[in-house]
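Source file: target04.cif (mmCIF, C-alpha atoms)
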```
data_model
loop_
_atom_site.label_atom_id
_atom_site.label_comp_id
_atom_site.auth_asym_id
_atom_site.auth_seq_id
_atom_site.Cartn_x
_atom_site.Cartn_y
_atom_site.Cartn_z
CA MET A 1 -47.37 -17.66 -95.52
CA GLY A 2 -45.05 -15.07 -94.07
CA SER A 3 -45.35 -15.91 -90.40
CA ILE A 4 -41.64 -16.16 -89.67
CA ARG A 5 -39.77 -12.88 -89.53
CA SER A 6 -36.10 -12.06 -89.17
CA THR A 7 -35.06 -10.70 -85.79
CA TYR A 8 -32.85 -8.24 -87.71
CA GLU A 9 -35.54 -6.61 -89.84
CA ASP A 10 -35.19 -3.35 -87.96
CA ASP A 11 -31.42 -3.23 -88.26
CA PRO A 12 -30.66 -0.81 -91.12
CA ASP A 13 -27.33 -2.57 -91.79
CA MET A 14 -29.19 -5.82 -92.28
CA LEU A 15 -32.52 -5.03 -93.94
CA GLU A 16 -31.28 -5.18 -97.52
CA ILE A 17 -29.41 -8.45 -97.19
CA VAL A 18 -32.18 -10.04 -95.12
CA ARG A 19 -34.58 -9.18 -97.97
CA GLU A 20 -32.24 -10.80 -100.45
CA PHE A 21 -31.74 -13.88 -98.30
CA ALA A 22 -35.45 -14.32 -97.66
CA SER A 23 -36.40 -13.86 -101.28
CA GLU A 24 -33.89 -16.50 -102.37
CA LEU A 25 -35.41 -19.12 -100.05
CA PRO A 26 -38.06 -20.44 -102.47
CA ALA A 27 -35.24 -21.33 -104.87
CA ARG A 28 -33.50 -23.20 -102.05
CA VAL A 29 -36.70 -25.09 -101.26
CA ALA A 30 -36.89 -26.17 -104.89
CA LYS A 31 -33.26 -27.28 -104.73
CA ILE A 32 -33.78 -29.32 -101.56
CA GLU A 33 -36.81 -31.03 -103.09
CA ALA A 34 -34.91 -31.81 -106.28
CA GLN A 35 -31.93 -33.18 -104.38
CA LEU A 36 -34.18 -35.30 -102.21
CA GLU A 37 -35.96 -36.61 -105.30
CA ALA A 38 -32.67 -37.42 -107.05
CA GLY A 39 -31.09 -38.93 -103.94
CA ALA A 40 -28.24 -36.40 -104.15
CA LEU A 41 -27.61 -36.65 -100.43
CA ARG A 42 -24.12 -35.16 -100.42
CA ASP A 43 -25.34 -32.00 -102.13
CA LEU A 44 -28.27 -31.93 -99.77
CA GLN A 45 -25.89 -32.13 -96.82
CA THR A 46 -23.84 -29.22 -98.19
CA LEU A 47 -26.97 -27.12 -98.61
CA ALA A 48 -28.18 -28.00 -95.10
CA HIS A 49 -24.75 -27.10 -93.73
CA GLN A 50 -24.87 -23.70 -95.47
CA LEU A 51 -28.37 -22.93 -94.23
CA LYS A 52 -27.33 -23.90 -90.73
CA GLY A 53 -24.44 -21.44 -90.91
CA ALA A 54 -26.37 -18.59 -92.47
CA GLY A 55 -29.88 -18.83 -90.96
CA GLY A 56 -29.10 -17.54 -87.50
CA GLY A 57 -26.87 -14.82 -88.90
CA TYR A 58 -29.80 -13.47 -90.87
CA GLY A 59 -32.04 -13.49 -87.82
CA PHE A 60 -33.66 -16.89 -88.37
CA PRO A 61 -32.44 -19.15 -85.55
CA GLN A 62 -35.13 -21.72 -86.43
CA ILE A 63 -33.57 -22.20 -89.87
CA THR A 64 -30.27 -23.00 -88.22
CA GLU A 65 -31.96 -25.43 -85.87
CA PHE A 66 -33.93 -27.28 -88.58
CA ALA A 67 -31.02 -27.33 -91.03
CA ALA A 68 -28.69 -28.67 -88.34
CA SER A 69 -31.11 -31.45 -87.61
CA LEU A 70 -31.23 -32.39 -91.31
CA GLU A 71 -27.44 -32.18 -91.60
CA SER A 72 -26.88 -34.46 -88.63
CA ALA A 73 -29.37 -37.04 -89.99
CA LEU A 74 -27.45 -37.06 -93.29
CA LYS A 75 -24.08 -37.20 -91.56
CA GLN A 76 -25.14 -40.19 -89.51
CA GLY A 77 -26.62 -41.92 -92.55
CA ALA A 78 -30.09 -42.01 -90.99
CA ASP A 79 -33.01 -43.80 -92.63
CA ASP A 80 -34.49 -42.25 -95.76
CA ALA A 81 -37.73 -41.68 -93.88
CA VAL A 82 -35.97 -39.61 -91.21
CA VAL A 83 -34.06 -37.59 -93.80
CA LYS A 84 -37.23 -37.00 -95.74
CA ASP A 85 -39.14 -35.88 -92.66
CA ARG A 86 -36.48 -33.42 -91.62
CA ALA A 87 -36.03 -32.09 -95.15
CA ASN A 88 -39.75 -31.55 -95.45
CA ALA A 89 -39.85 -29.82 -92.08
CA LEU A 90 -37.06 -27.51 -93.21
CA CYS A 91 -38.85 -26.76 -96.50
CA ALA A 92 -42.08 -25.97 -94.68
CA LEU A 93 -40.20 -23.60 -92.42
CA LEU A 94 -38.45 -21.87 -95.32
CA ARG A 95 -41.79 -21.39 -97.09
CA ALA A 96 -43.14 -19.66 -94.02
CA VAL A 97 -40.42 -17.01 -93.98
CA ALA A 98 -41.60 -13.47 -94.66
CA VAL A 99 -39.66 -11.17 -96.99
CA PRO A 100 -39.46 -7.91 -95.04
CA GLU A 101 -40.81 -4.74 -96.66
CA GLN A 102 -38.41 -2.11 -97.90
CA LYS A 103 -38.35 0.92 -95.64
CA MET B 1 8.09 1.99 -100.49
CA ASN B 2 10.03 3.10 -97.45
CA PRO B 3 8.64 2.56 -93.95
CA GLU B 4 5.26 4.19 -93.59
CA VAL B 5 1.89 3.89 -91.92
CA PRO B 6 -0.11 0.73 -92.68
CA ASN B 7 -3.07 0.80 -95.06
CA PRO B 8 -6.66 0.35 -93.83
CA ASN B 9 -7.39 -3.24 -92.87
CA ARG B 10 -8.50 -5.73 -95.47
CA VAL B 11 -10.21 -9.00 -94.63
CA LEU B 12 -10.52 -11.92 -97.05
CA VAL B 13 -13.53 -14.22 -96.61
CA ILE B 14 -13.18 -17.69 -98.13
CA ASP B 15 -16.60 -19.33 -97.93
CA ASP B 16 -18.65 -21.18 -100.54
CA SER B 17 -21.84 -19.44 -99.45
CA GLU B 18 -22.48 -15.95 -100.85
CA SER B 19 -24.95 -15.43 -98.01
CA ILE B 20 -22.05 -15.56 -95.57
CA HIS B 21 -20.01 -13.07 -97.61
CA LYS B 22 -22.86 -10.56 -97.49
CA LEU B 23 -23.43 -11.18 -93.82
CA VAL B 24 -19.77 -10.65 -92.94
CA ILE B 25 -19.65 -7.45 -95.00
CA ALA B 26 -22.73 -6.11 -93.19
CA ARG B 27 -21.47 -7.15 -89.76
CA LEU B 28 -17.95 -5.77 -90.17
CA ARG B 29 -19.20 -2.48 -91.56
CA PRO B 30 -18.83 -0.62 -88.22
CA GLU B 31 -15.16 -1.61 -88.14
CA ASN B 32 -14.29 0.27 -91.30
CA ILE B 33 -12.74 -2.82 -92.84
CA GLU B 34 -12.51 -3.63 -96.52
CA VAL B 35 -13.95 -7.11 -97.09
CA ILE B 36 -13.02 -9.16 -100.15
CA GLY B 37 -14.28 -12.66 -100.86
CA GLU B 38 -13.70 -15.93 -102.70
CA ILE B 39 -16.00 -18.96 -102.75
CA ASP B 40 -13.38 -21.55 -103.54
CA GLY B 41 -10.21 -22.65 -101.72
CA GLU B 42 -7.78 -22.51 -104.64
CA ARG B 43 -8.93 -19.07 -105.68
CA GLY B 44 -8.85 -17.99 -102.05
CA ILE B 45 -5.17 -18.87 -101.78
CA GLU B 46 -4.38 -17.04 -105.03
CA ARG B 47 -6.27 -14.01 -103.81
CA ALA B 48 -4.42 -14.04 -100.48
CA VAL B 49 -1.07 -14.14 -102.27
CA ALA B 50 -2.05 -11.35 -104.66
CA ASP B 51 -3.96 -9.00 -102.33
CA GLN B 52 -2.13 -9.59 -99.04
CA PRO B 53 -5.13 -9.19 -96.71
CA ASP B 54 -4.54 -8.49 -93.01
CA LEU B 55 -6.83 -11.32 -91.94
CA ILE B 56 -8.52 -14.35 -93.51
CA LEU B 57 -11.90 -15.71 -92.40
CA LEU B 58 -11.90 -19.28 -93.58
CA ASP B 59 -14.73 -21.79 -93.89
CA ILE B 60 -14.01 -25.51 -93.56
CA GLY B 61 -16.66 -27.08 -95.80
CA LEU B 62 -15.41 -25.82 -99.15
CA PRO B 63 -15.78 -27.59 -102.49
CA ASN B 64 -12.64 -29.25 -103.92
CA VAL B 65 -10.03 -28.17 -101.37
CA ASP B 66 -11.34 -28.06 -97.79
CA GLY B 67 -10.55 -25.29 -95.31
CA PHE B 68 -7.98 -27.32 -93.37
CA GLU B 69 -5.97 -27.89 -96.53
CA VAL B 70 -6.33 -24.19 -97.48
CA CYS B 71 -5.01 -23.21 -94.03
CA ARG B 72 -2.11 -25.64 -94.31
CA ARG B 73 -1.11 -24.20 -97.67
CA LEU B 74 -1.50 -20.60 -96.51
CA LYS B 75 0.82 -21.32 -93.59
CA GLU B 76 3.32 -23.00 -95.88
CA HIS B 77 3.46 -20.25 -98.50
CA PRO B 78 6.03 -17.55 -97.68
CA ALA B 79 3.76 -14.82 -99.05
CA THR B 80 0.79 -15.74 -96.84
CA ARG B 81 2.40 -17.36 -93.80
CA GLY B 82 2.14 -14.19 -91.70
CA ILE B 83 -1.54 -13.53 -92.41
CA PRO B 84 -3.72 -14.56 -89.45
CA VAL B 85 -6.50 -17.04 -90.18
CA ILE B 86 -9.75 -17.31 -88.23
CA PHE B 87 -11.87 -20.33 -89.00
CA LEU B 88 -15.47 -19.24 -89.47
CA THR B 89 -17.38 -22.44 -89.85
CA GLY B 90 -20.51 -24.38 -89.09
CA THR B 91 -18.41 -27.32 -87.94
CA ALA B 92 -18.41 -27.13 -84.15
CA ASP B 93 -16.84 -30.36 -82.89
CA THR B 94 -13.79 -30.22 -80.65
CA GLU B 95 -11.66 -32.31 -82.98
CA SER B 96 -12.11 -29.80 -85.83
CA LYS B 97 -11.34 -26.86 -83.55
CA VAL B 98 -8.14 -28.46 -82.33
CA ARG B 99 -7.13 -29.43 -85.84
CA GLY B 100 -7.76 -25.90 -87.16
CA LEU B 101 -5.82 -24.20 -84.38
CA ASP B 102 -2.96 -26.68 -84.65
CA LEU B 103 -2.71 -25.89 -88.36
CA GLY B 104 -1.85 -22.32 -87.37
CA ALA B 105 -5.21 -20.52 -87.20
CA VAL B 106 -5.38 -17.84 -84.49
CA ASP B 107 -9.04 -18.38 -83.67
CA TYR B 108 -12.10 -20.48 -84.38
CA VAL B 109 -15.61 -19.03 -84.59
CA THR B 110 -18.69 -21.14 -85.26
CA LYS B 111 -21.59 -20.21 -87.51
CA PRO B 112 -24.11 -18.86 -86.95
CA PHE B 113 -21.85 -16.29 -85.37
CA ASP B 114 -22.68 -13.59 -82.90
CA GLN B 115 -21.91 -10.29 -84.63
CA VAL B 116 -20.52 -8.55 -81.55
CA GLU B 117 -18.27 -11.48 -80.80
CA LEU B 118 -17.05 -11.76 -84.39
CA ARG B 119 -16.14 -8.08 -84.46
CA ALA B 120 -14.24 -8.39 -81.18
CA ARG B 121 -12.34 -11.44 -82.43
CA VAL B 122 -11.53 -9.72 -85.73
CA ARG B 123 -10.28 -6.65 -83.85
CA ALA B 124 -8.10 -8.84 -81.61
CA ALA B 125 -6.57 -10.65 -84.58
CA LEU B 126 -5.92 -7.37 -86.40
CA ARG B 127 -4.25 -5.87 -83.31
CA ALA B 128 -1.89 -8.81 -83.07
CA LYS B 129 -1.21 -8.60 -86.79
CA ARG B 130 -0.34 -4.91 -86.53
CA LEU B 131 2.20 -5.60 -83.76
CA GLN B 132 3.65 -8.44 -85.76
CA ASP B 133 4.00 -6.11 -88.78
CA ILE B 134 5.74 -3.49 -86.65
CA LEU B 135 8.18 -6.06 -85.28
CA GLU B 136 8.87 -7.35 -88.73
CA GLN B 137 9.43 -3.87 -90.08
CA GLN B 138 11.74 -2.98 -87.20
CA SER B 139 13.84 -6.04 -87.82
CA HIS B 140 14.34 -4.63 -91.32
CA LEU B 141 15.32 -1.14 -90.25
CA ASP B 142 18.71 0.36 -89.56
CA GLY B 143 18.77 1.75 -86.02
CA LEU B 144 20.99 4.75 -86.67
CA THR B 145 19.49 6.13 -89.87
CA GLY B 146 15.96 4.71 -89.98
CA LEU B 147 16.64 3.43 -93.50
CA TRP B 148 16.13 -0.20 -94.49
CA ASN B 149 18.97 -2.45 -93.37
CA ARG B 150 21.19 -4.72 -95.41
CA ARG B 151 19.18 -7.83 -94.65
CA TYR B 152 16.05 -6.22 -96.08
CA LEU B 153 17.87 -4.90 -99.12
CA ASP B 154 19.33 -8.33 -99.85
CA GLN B 155 15.85 -9.88 -99.62
CA ARG B 156 14.33 -7.26 -101.89
CA LEU B 157 17.20 -7.49 -104.35
CA GLU B 158 16.51 -11.18 -104.71
CA SER B 159 12.75 -10.79 -105.18
CA GLU B 160 12.98 -7.72 -107.43
CA LEU B 161 15.47 -9.56 -109.63
CA ASN B 162 12.93 -12.34 -110.02
CA VAL B 163 10.34 -9.77 -111.09
CA ALA B 164 12.83 -8.13 -113.46
CA ARG B 165 13.70 -11.46 -115.04
CA ARG B 166 10.12 -12.64 -115.35
CA TYR B 167 8.68 -9.49 -116.84
CA GLY B 168 11.80 -8.22 -118.61
CA ARG B 169 11.79 -4.99 -116.62
CA PRO B 170 14.98 -3.09 -115.84
CA LEU B 171 16.26 -2.96 -112.26
CA SER B 172 19.06 -0.67 -111.17
CA LEU B 173 21.27 -0.70 -108.11
CA VAL B 174 23.21 2.28 -106.81
CA LEU B 175 25.99 1.90 -104.23
CA VAL B 176 27.00 5.00 -102.32
CA ASP B 177 30.06 5.47 -100.13
CA VAL B 178 30.74 8.55 -98.02
CA ASP B 179 34.11 10.04 -99.01
CA HIS B 180 36.94 10.13 -96.44
CA PHE B 181 34.57 9.04 -93.72
CA LYS B 182 37.39 7.63 -91.60
CA ARG B 183 39.00 11.07 -91.58
CA VAL B 184 35.71 12.66 -90.46
CA ASN B 185 35.51 10.17 -87.61
CA ASP B 186 39.13 10.68 -86.63
CA ASP B 187 39.01 14.48 -86.79
CA TYR B 188 35.61 15.14 -85.22
CA GLY B 189 34.78 11.97 -83.29
CA HIS B 190 32.33 9.11 -83.77
CA LEU B 191 29.31 11.03 -82.55
CA PHE B 192 29.85 13.56 -85.26
CA GLY B 193 30.37 10.70 -87.70
CA ASP B 194 26.95 9.38 -86.75
CA ILE B 195 25.38 12.79 -87.36
CA VAL B 196 26.98 12.85 -90.81
CA LEU B 197 25.61 9.40 -91.62
CA GLN B 198 22.15 10.45 -90.48
CA GLY B 199 22.34 13.61 -92.58
CA ILE B 200 23.47 11.74 -95.69
CA ALA B 201 20.72 9.16 -95.11
CA GLU B 202 18.13 11.90 -94.79
CA GLY B 203 19.32 13.43 -98.06
CA LEU B 204 19.17 10.09 -99.88
CA ARG B 205 15.67 9.47 -98.63
CA ALA B 206 14.48 12.96 -99.47
CA TYR B 207 15.89 13.02 -102.99
CA ALA B 208 15.18 9.43 -103.97
CA ARG B 209 11.84 8.64 -105.59
CA ARG B 210 8.98 7.11 -103.63
CA SER B 211 9.47 3.73 -105.25
CA ASP B 212 13.22 3.58 -104.58
CA ILE B 213 14.38 1.32 -101.76
CA VAL B 214 17.04 3.17 -99.79
CA ALA B 215 19.16 1.13 -97.37
CA ARG B 216 22.20 1.49 -95.17
CA TYR B 217 24.37 -1.28 -96.50
CA GLY B 218 26.98 -1.17 -93.75
CA GLY B 219 29.39 1.34 -92.18
CA GLU B 220 29.38 4.42 -94.39
CA GLU B 221 27.96 2.57 -97.37
CA PHE B 222 24.41 2.92 -98.66
CA ALA B 223 22.53 1.05 -101.37
CA ILE B 224 19.50 2.10 -103.38
CA LEU B 225 17.40 -0.32 -105.36
CA LEU B 226 15.53 1.34 -108.22
CA THR B 227 12.74 -0.83 -109.55
CA ASP B 228 11.55 -0.45 -113.14
CA THR B 229 14.44 1.92 -113.80
CA ASN B 230 16.95 1.78 -116.65
CA LEU B 231 20.56 2.90 -116.52
CA ARG B 232 19.83 6.38 -117.84
CA SER B 233 17.13 7.11 -115.24
CA ALA B 234 19.32 5.63 -112.52
CA MET B 235 22.05 8.02 -113.63
CA TYR B 236 19.74 11.02 -113.24
CA VAL B 237 18.63 9.89 -109.79
CA SER B 238 22.23 9.27 -108.73
CA GLU B 239 23.43 12.68 -109.91
CA ARG B 240 20.61 14.29 -107.98
CA LEU B 241 21.54 12.34 -104.86
CA ARG B 242 25.21 13.19 -105.32
CA SER B 243 24.58 16.92 -105.46
CA SER B 244 22.24 16.73 -102.47
CA ALA B 245 25.05 15.13 -100.44
CA GLU B 246 27.54 17.70 -101.70
CA GLY B 247 25.30 20.56 -100.67
CA ARG B 248 24.90 19.37 -97.10
CA HIS B 249 26.85 21.03 -94.28
CA PHE B 250 27.48 19.80 -90.79
CA GLU B 251 28.44 21.98 -87.85
CA ALA B 252 31.26 20.70 -85.64
CA ARG B 253 31.73 23.16 -82.79
CA THR B 254 33.31 26.14 -84.58
CA GLU B 255 33.71 24.58 -87.99
CA VAL B 256 31.36 23.86 -90.83
CA VAL B 257 32.19 20.54 -92.41
CA SER B 258 30.98 19.41 -95.79
CA VAL B 259 31.01 15.85 -96.90
CA THR B 260 30.74 14.27 -100.34
CA ALA B 261 29.93 10.78 -101.53
CA SER B 262 30.89 8.53 -104.44
CA PHE B 263 28.40 6.56 -106.48
CA GLY B 264 28.41 3.39 -108.56
CA VAL B 265 25.43 2.49 -110.75
CA ALA B 266 24.54 -0.74 -112.53
CA CYS B 267 21.42 -1.95 -114.30
CA THR B 268 20.16 -5.43 -115.20
CA GLU B 269 19.94 -4.36 -118.85
CA HIS B 270 23.69 -3.81 -119.09
CA LEU B 271 25.23 -6.64 -117.13
CA ALA B 272 27.91 -8.68 -118.83
CA ALA B 273 27.04 -11.60 -116.55
CA GLU B 274 23.93 -13.56 -115.66
CA LEU B 275 21.24 -11.76 -113.68
CA THR B 276 22.10 -12.64 -110.09
CA PRO B 277 22.21 -10.46 -106.97
CA GLU B 278 25.97 -11.00 -106.80
CA ALA B 279 26.52 -9.91 -110.41
CA LEU B 280 24.49 -6.72 -109.96
CA LEU B 281 26.24 -5.88 -106.68
CA LYS B 282 29.64 -6.56 -108.23
CA ALA B 283 28.92 -4.29 -111.21
CA SER B 284 27.75 -1.44 -108.95
CA ASP B 285 30.79 -1.97 -106.76
CA LEU B 286 33.16 -1.75 -109.75
CA ALA B 287 31.50 1.50 -110.76
CA LEU B 288 31.80 2.80 -107.19
CA TYR B 289 35.52 2.01 -107.18
CA ALA B 290 35.93 3.83 -110.46
CA SER B 291 34.37 6.89 -108.80
CA LYS B 292 36.78 6.59 -105.88
CA ASP B 293 39.72 6.26 -108.27
CA ALA B 294 38.58 9.26 -110.29
CA GLY B 295 38.86 11.50 -107.23
CA ARG B 296 35.53 10.83 -105.44
CA ASN B 297 32.34 12.96 -105.36
CA CYS B 298 31.22 11.57 -108.71
CA VAL B 299 29.02 8.92 -110.34
CA HIS B 300 30.21 6.07 -112.54
CA LEU B 301 27.97 3.79 -114.56
CA TYR B 302 28.69 0.18 -115.35
CA ARG B 303 27.64 -0.66 -118.89
CA SER B 304 28.43 -4.16 -120.11
CA GLY B 305 31.95 -4.16 -118.73
CA GLU B 306 32.63 -0.52 -119.48
CA LEU B 307 32.87 2.11 -116.69
CA ILE B 308 31.52 5.53 -117.66
CA LEU B 309 31.82 8.77 -115.72
CA SER B 310 28.51 10.64 -115.79
CA THR B 311 29.26 13.56 -113.44
CA GLY B 312 29.75 16.73 -115.48
CA ASN B 313 29.00 14.66 -118.56
CA PRO B 314 25.24 14.54 -119.08
CA GLY B 315 25.70 12.96 -122.53
CA ALA B 316 27.60 10.04 -121.02
CA LEU B 317 25.17 7.48 -122.39
CA GLY B 318 24.77 9.15 -125.80
CA ASP B 319 21.53 10.67 -127.05
CA ASP B 320 20.20 7.98 -129.32
CA GLU B 321 19.98 5.14 -126.86
CA ASN B 322 16.89 3.21 -127.47
CA GLU B 323 15.57 3.08 -123.91
CA THR B 324 12.05 3.07 -122.72
CA SER B 325 11.74 4.80 -119.39
#
```
Translate this file's structure into structure tokens.
Amino acid sequence: MGSIRSTYEDDPDMLEIVREFASELPARVAKIEAQLEAGALRDLQTLAHQLKGAGGGYGFPQITEFAASLESALKQGADDAVVKDRANALCALLRAVAVPEQK
Amino acid sequence: MNPEVPNPNRVLVIDDSESIHKLVIARLRPENIEVIGEIDGERGIERAVADQPDLILLDIGLPNVDGFEVCRRLKEHPATRGIPVIFLTGTADTESKVRGLDLGAVDYVTKPFDQVELRARVRAALRAKRLQDILEQQSHLDGLTGLWNRRYLDQRLESELNVARRYGRPLSLVLVDVDHFKRVNDDYGHLFGDIVLQGIAEGLRAYARRSDIVARYGGEEFAILLTDTNLRSAMYVSERLRSSAEGRHFEARTEVVSVTASFGVACTEHLAAELTPEALLKASDLALYASKDAGRNCVHLYRSGELILSTGNPGALGDDENETS
């Protein structure tokens, strides 16, 4: 784990909040999995929408990209299999995010 | 609360994601802006009314009340109508952009946002807001004296009376009229009359308290609204203003001219009538006329129908009045 790093790690204004954001991601993964399991697709869409909006801002453009793809599948009412695939892809990505070291 | 320089800028973020709040705070840090936040539309509106931010960054996908509805209500509410709104949202379709702008937003930025661009857009919105504030303030100022004008005083009288009624706080109104002003104009000319009005205005502003709202009410008449002030305190302020006017001298070519003014004071705690702007103005006006009748250069107080001379009579209200401030 830890292969995906924020592009803003070296920005002193950002380091602290990037650390916070990255360290909260496992909890978000758990939430996505639970929502998927429970079929709470509206909540899942909200979460995907939030990750889409925040990811790039924290220096993780891939999070924005993957979350957007999940959001659009949910918006269009895509097949469960598609939703599940995209949710799993997003979760895998989030798990791979590195929490930057304090400097 | 007389015209003065604006406070540092304050930006309200209404977004259901805390991550966005933190991000905006970090990204606006170089702008020296105070950022406040709410995660819910209803609370966001309340906060905007209470804290009067200079700019609102508004998300669309909010729980309960969505951002469009929040914007509509902000633009409808008199207390928030003038605050610029920038949509800051992950919703990027043209229809939403058009809808947001047509609801009265000044700009529309999509998330994830570019920090440099967001700062530039925030600066642009704040610049426009500052100009709008200046225009608004100027439309409330009297051109000759720089005091508030009658329109502004009438507005404030109305809103301060609401506050006074709701919280049971006293509100006093002082009317001031320059004595024999017509004679001054006739004897020394209108330009000199203007100088006198400016001098009297300067004295009123200098000797009033910071919280007093000093206005030119028309011609040679001034009005001062004293919030949270009972009749006794209003009397002290008025006597101080009266002697400041009396002590002022104006040079007209070879002559030194001194001018006096008459004062009428009324307070919401001692009105015989219902608490309306008209009733308070009428009571102050009656007291002002009593001062004119008594020979001018003095202060009269209206107390529940009774007109009391306070000049040279510091015990006019008695010593044992059970008053709070």
- Task: Taking the point (-31.9, -36.0, -94.9) as given in the file, collect each protein or nucleic acid residue that comes within 7 Å of it, counting all atoms listed in the file, and present the set as a list in words.
- Result: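 Checked against the point, the hits come out as Leu70, Glu71, Ala73, Leu74, Asp80, Val82, Val83, Lys84, Arg86 and Ala87 of chain A.
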- Task: Do a neighbour search on B:Phe222 at 10 Å with only C-alpha atoms, toss out local chain neighbours closer than 6 positions, and write the hits as a list of chain:residue names.
- Result: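 Non-adjacent residues within range: B:Leu147, B:Trp148, B:Asn149, B:Arg150, B:Val174, B:Leu175, B:Val176, B:Asp177, B:Val178, B:Leu197, B:Ile200, B:Ala201, B:Leu204, B:Val214, B:Ala215, B:Arg216, B:Phe263.
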- Item | Closest of B:Ile14, B:Arg73, B:Asp285, B:Asp40 to B:Phe87 - atom-to-atom distances counting only C-alpha atoms | B:Ile14
- Task: Run the PyMOL selection byres ((chain B) within 10 of (chain A)) mentally over the shown coordinates, then write out the matched residues as JSON, numbers by chain, using the chain letters and numbers from the document.
- Result: {"B": [15, 16, 17, 18, 19, 20, 21, 22, 23, 24, 25, 26, 27, 29, 30, 61, 62, 63, 88, 89, 90, 91, 110, 111, 112, 113, 114, 115]}
- Tell me, as a VMD selection string, which residues lie within 10 Å of A:Cys91, counting all atoms listed in the file; anything in the same chain fewer than 5 positions away does not count. chain A and resid 25 to 26 28 to 33 63 66 to 67 85 to 86 96
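Of the listed residues B:Asp54, B:Tyr152, B:Asn313, B:Ala124, the one whose atoms come nearest to B:Glu136 is B:Tyr152, with distances taken using only C-alpha atoms.
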- Query: What would the list of residues within 12 Å of (38.1, 9.6, -106.2) (file frame) look like as JSON, numbers by chain, if all atoms listed in the file are what count?
  - Reply: {"B": [177, 178, 179, 180, 260, 261, 262, 263, 264, 287, 288, 289, 290, 291, 292, 293, 294, 295, 296, 297, 298, 299, 300, 309]}
Could you name the residues that touch B:Ile56 at 9 Å or less, counting all atoms listed in the file, but leaving out those on the same chain fewer than 4 positions away, as a PDB file with C-alpha atoms, in the coordinates of the input?
```pdb
ATOM      1  CA  ARG B  10      -8.500  -5.730 -95.470  1.00  0.00           C
ATOM      2  CA  VAL B  11     -10.210  -9.000 -94.630  1.00  0.00           C
ATOM      3  CA  LEU B  12     -10.520 -11.920 -97.050  1.00  0.00           C
ATOM      4  CA  VAL B  13     -13.530 -14.220 -96.610  1.00  0.00           C
ATOM      5  CA  ILE B  14     -13.180 -17.690 -98.130  1.00  0.00           C
ATOM      6  CA  ALA B  48      -4.420 -14.040-100.480  1.00  0.00           C
ATOM      7  CA  ILE B  83      -1.540 -13.530 -92.410  1.00  0.00           C
ATOM      8  CA  PRO B  84      -3.720 -14.560 -89.450  1.00  0.00           C
ATOM      9  CA  VAL B  85      -6.500 -17.040 -90.180  1.00  0.00           C
ATOM     10  CA  ILE B  86      -9.750 -17.310 -88.230  1.00  0.00           C
ATOM     11  CA  PHE B  87     -11.870 -20.330 -89.000  1.00  0.00           C
TER      12      PHE B  87
END
```
- Query: Could you write out as a ChimeraX atom specification the residues that the PyMOL selection byres ((chain B and resi 170) around 10) matches in the shown file?
  - Reply: /B:160-161,163-165,167-169,171-172,226-231,267-270,324-325
- Task: Skip A:Val99 itself and residues of its chain fewer than 2 positions away, then list as a list in words all residues within 7 Å of it, counting only C-alpha atoms.
- Result: Arg19, Ala22, Ser23, Val97 and Glu101 of chain A
- Enter the distance from atom CA of B:Leu103 to atom CA of B:Leu57, in Å, rounded to one decimal.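 Between these atoms lies a distance of 14.3 Å.
Excluding A:Leu44 itself and same-chain residues fewer than 4 positions from it, the residues having an atom within 7 Å of it are Ile32, Gln35, Ala40 and Ala48 of chain A, counting all atoms listed in the file.
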- Message: To one decimal place in Å, what is the distance between atom CA of A:Glu65 and atom CA of B:Ala120?
- Response: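 Between these atoms lies a distance of 25.0 Å.
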